[in-house]
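Inspection log for the structure reproduced underneath, given as structure tokens.
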Amino acid sequence: MKKNNENLISWLFKTDAVRVCPQNKPFWYTSGSIGPYYINTHFLYGSEKKAVDLLKFIDNEKVNFLSCSQEILYQTLRNYDQDEIYRGLIDEMCFFIRENISLDEIDYISGGERRDWFFSLIIAKQLGKPHITIFKNMNSVTAYGDRTEELESLEGKKVLHVADLITEASSYERAWIPAIKNKGGEIKWSVVVVDRKQGGEELLNSFGVKSFSMVDIDIDLFRKVFSMGIINNEQLLMIEKYMENPREAMAEFLRNNPEFLQEALNSDEKTKERALLLVEKDIYGLKSK
């Protein structure tokens, strides 16, 4: 599969895994900043509702340290049989891995809590590899066939980590890489659905991890999306400005559209809370203008 494949791009937008804001209505982010697109890669499970339901299921099951891997795998296998988009994505990812990495070199496939498990468990099953389920506290278990046991030692084994996305790869640095290293193994490869192109690949390379992504969130992607008729010219122009200089692009937008911030401050609690963060932190330097 080629990077930025049209099928995958259409799935990203059909499931709202990637959303682009309407003209002059950027999204509010948790940090209090604003921007023209939103990414929830796990929605490729088929829909937002399906993804949210699986996250709830994972939260309930993950306390069962040894059994949760099999239970989550069962859910994803059932969805694979039922959901055309999720099945298409998993098939494409397995094909991509076979094309880019020698399966004979891969001893284990790992995934980290929680969203990685949407993809890593079923891909390990499809490729016939044991799975390492890594928890945020860096504990881990191995699952293969019907057997699940606490991970004791990897003794120089090579690991492919499968994830939903990378931004700055902070989870890799904080937990996934050391969790494998502490057991004597090494993450040699990373395959993600989406790379937000915010330094994650470079960080992984510095740890000796070869990074692969199915889709890169860059201007070429959005120009392709425009050519596919998914977004319009005004949306593309806003994204181009944002990608060139996120802070200045959104500062200019707020200066030109002062009512946007005022409406947010008078909106629902979640939006108001984020708007207050923007004001209090003076994220876009509006107080000095």
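In the structure tokens, chains take letters A, B, ... by order of appearance, with residues numbered from 1 within each chain and ligands from 1 in the order shown.
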Need to verify the contact set: Ala163 in chain A, 12 Å, only C-alpha atoms, exclusion of same-chain residues closer than 5 positions in sequence. Can you return it as a short mmCIF file (atom, residue, chain, number, x, y, z; two decimals) with C-alpha atoms, in the first residue's frame?
```cif
data_model
loop_
_atom_site.label_atom_id
_atom_site.label_comp_id
_atom_site.auth_asym_id
_atom_site.auth_seq_id
_atom_site.Cartn_x
_atom_site.Cartn_y
_atom_site.Cartn_z
CA THR A 41 -7.39 7.93 14.56
CA HIS A 42 -9.19 5.32 16.64
CA MET A 93 -1.79 -2.44 7.45
CA ILE A 109 4.33 -7.20 17.94
CA SER A 110 3.58 -4.76 20.76
CA GLY A 111 0.94 -2.16 21.47
CA GLY A 112 0.58 0.36 24.28
CA GLU A 113 -2.40 1.30 26.44
CA ARG A 114 -5.02 2.07 25.12
CA ARG A 115 -5.62 3.13 21.53
CA ASP A 116 -2.74 1.09 20.10
CA TRP A 117 -4.70 -2.02 21.09
CA PHE A 118 -7.39 -1.16 18.51
CA PHE A 119 -4.83 -2.21 15.89
CA SER A 120 -1.87 -4.06 17.43
CA LEU A 121 -3.65 -7.12 18.88
CA ILE A 122 -5.53 -8.06 15.72
CA ILE A 123 -2.50 -7.36 13.49
CA THR A 133 0.40 -5.77 25.72
CA ILE A 134 2.11 -2.80 27.39
CA ALA A 169 6.45 10.04 20.28
CA SER A 171 4.70 7.68 24.93
CA TYR A 172 7.40 5.70 23.16
CA TRP A 176 6.94 1.68 25.32
CA TRP A 189 10.21 -0.81 14.01
CA SER A 190 7.12 1.31 14.51
CA VAL A 191 4.08 1.27 12.23
CA VAL A 192 1.37 3.85 12.86
CA VAL A 193 -1.80 4.76 11.02
CA VAL A 194 -1.13 8.51 11.25
CA ASP A 195 2.04 10.54 11.74
CA SER A 211 9.37 4.60 11.76
CA PHE A 212 6.64 3.87 9.19
CA SER A 213 3.27 5.58 8.78
CA MET A 214 0.26 4.93 6.59
#
```
Discussion item. Residues near Thr15 in chain A, anyone? I mean within 7 Å using only C-alpha atoms, not counting same-chain ones fewer than 3 positions away, as a VMD selection string.
Written reply: chain A and resid 11 to 12 43 to 44 46 to 48
With N, CA and C atoms kept, could you save the residues just selected as a short mmCIF file (atom, residue, chain, number, x, y, z; two decimals), in the first residue's frame?
```cif
data_model
loop_
_atom_site.label_atom_id
_atom_site.label_comp_id
_atom_site.auth_asym_id
_atom_site.auth_seq_id
_atom_site.Cartn_x
_atom_site.Cartn_y
_atom_site.Cartn_z
N TRP A 11 -11.51 6.81 4.17
CA TRP A 11 -11.96 6.21 5.44
C TRP A 11 -11.73 7.17 6.61
N LEU A 12 -10.59 7.88 6.59
CA LEU A 12 -10.29 8.84 7.66
C LEU A 12 -11.39 9.89 7.78
N PHE A 43 -11.14 6.36 15.54
CA PHE A 43 -12.47 6.32 14.93
C PHE A 43 -12.48 5.40 13.70
N LEU A 44 -11.29 5.06 13.18
CA LEU A 44 -11.21 4.11 12.07
C LEU A 44 -11.68 2.72 12.48
N GLY A 46 -14.46 2.21 12.90
CA GLY A 46 -15.71 2.15 12.14
C GLY A 46 -16.55 3.40 12.30
N SER A 47 -16.50 3.98 13.50
CA SER A 47 -17.25 5.20 13.78
C SER A 47 -16.83 5.71 15.16
N GLU A 48 -17.23 6.94 15.47
CA GLU A 48 -16.94 7.49 16.80
C GLU A 48 -17.60 6.64 17.89
#
```
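Remark: for Ile9 in chain A, the closest of the candidate residues A:Leu203, A:Val225, A:Leu261, A:Ile39 is A:Val225 (distances computed over only C-alpha atoms).
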* Among range 54-146 of chain A, which residues carry a DSSP assignment of alpha helix (DSSP H), reported as an MDAnalysis selection string? -> chainID A and resid 54:61 68:82 84:100 117:127
What does the distance from CA of Pro246 in chain A to CA of Ile283 in chain A come to in Å, to one decimal?
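Going from CA of Pro246 in chain A over to CA of Ile283 in chain A covers 11.3 Å.
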- request: Just list the residues in range 62-149 of chain A DSSP gives strand (DSSP E or B) on the backbone, as a list in words.
  value: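 Residues of range 62-149 of chain A classed as strand (DSSP E or B): Tyr108, Ile109, Ser110, Gly111, Gly112, His131, Ile132, Thr133, Ile134, Ser140, Val141, Thr142, Ala143, Tyr144, Arg147, Thr148 and Glu149 of chain A.
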Pull C-alpha atoms from the residues just selected and write them as a short mmCIF file (atom, residue, chain, number, x, y, z; two decimals), in the first residue's frame.
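Saved the output as out_37.cif:
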```
data_model
loop_
_atom_site.label_atom_id
_atom_site.label_comp_id
_atom_site.auth_asym_id
_atom_site.auth_seq_id
_atom_site.Cartn_x
_atom_site.Cartn_y
_atom_site.Cartn_z
CA TYR A 108 6.88 -9.91 18.70
CA ILE A 109 4.33 -7.20 17.94
CA SER A 110 3.58 -4.76 20.76
CA GLY A 111 0.94 -2.16 21.47
CA GLY A 112 0.58 0.36 24.28
CA HIS A 131 1.59 -9.83 21.13
CA ILE A 132 3.09 -7.78 23.94
CA THR A 133 0.40 -5.77 25.72
CA ILE A 134 2.11 -2.80 27.39
CA SER A 140 3.38 -6.04 30.16
CA VAL A 141 1.96 -9.43 29.22
CA THR A 142 2.41 -11.65 26.19
CA ALA A 143 -0.51 -13.22 24.38
CA TYR A 144 -0.28 -15.91 21.72
CA ARG A 147 -2.06 -18.39 26.23
CA THR A 148 -1.45 -15.16 28.13
CA GLU A 149 1.31 -14.73 30.68
#
```
Selection: 7 Å around range 25-37 of chain A, only C-alpha atoms, excl. self and same-chain fewer than 6 positions, as a list in words: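 Contacts, in chain order: Val18, Arg19, Met238, Ile239, Met250, Thr271, Arg274, Ala275, Leu277, Leu278 and Ile283 of chain A.
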note - CA of Ser69 in chain A and CA of Thr167 in chain A are separated by 25.2 Å
Open item on the list: Give me, as JSON, numbers by chain, all polymer residues having an atom no more than 9 Å from Leu154 in chain A, counting only C-alpha atoms and skipping those fewer than 2 positions away in the same chain.
Closed with: {"A": [151, 152, 156, 157, 158, 180, 181, 182, 183, 184, 185, 186]}
inquiry  = Restricting the calculation to only C-alpha atoms: of A:Ala179, A:Leu165, A:Glu248, A:Ser170, which residue gets closest to Ser153 in chain A?
reply    =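 Of A:Ala179, A:Leu165, A:Glu248, A:Ser170, the one nearest Ser153 in chain A is A:Ala179, counting only C-alpha atoms.
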_One number please: CA of Arg87 in chain A to CA of Asp218 in chain A, in Å, one decimal._
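Spanning CA of Arg87 in chain A to CA of Asp218 in chain A is a straight-line distance of 25.5 Å.
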Counting only C-alpha atoms, what is within 10 Å of Lys62 in chain A, bar same-chain residues fewer than 4 positions away, as an MDAnalysis selection string? chainID A and resid 57:58 66:69 71:72 113:114 135
9 Å contact set for Leu103 in chain A, only C-alpha atoms, chain neighbours under 6 positions out, as JSON, numbers by chain = {"A": [97, 127, 129]}
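Among A:Lys210, A:Asn5, A:Gln23, A:Gly229, the residue with the shortest atom-to-atom distance to Ile101 in chain A, counting only C-alpha atoms, is A:Lys210.
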Nearest-residue call for Leu221 in chain A, choices A:Asp104, A:Leu77, A:Val279, A:Glu6, using only C-alpha atoms:
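Smallest distance to Leu221 in chain A is found for A:Glu6.
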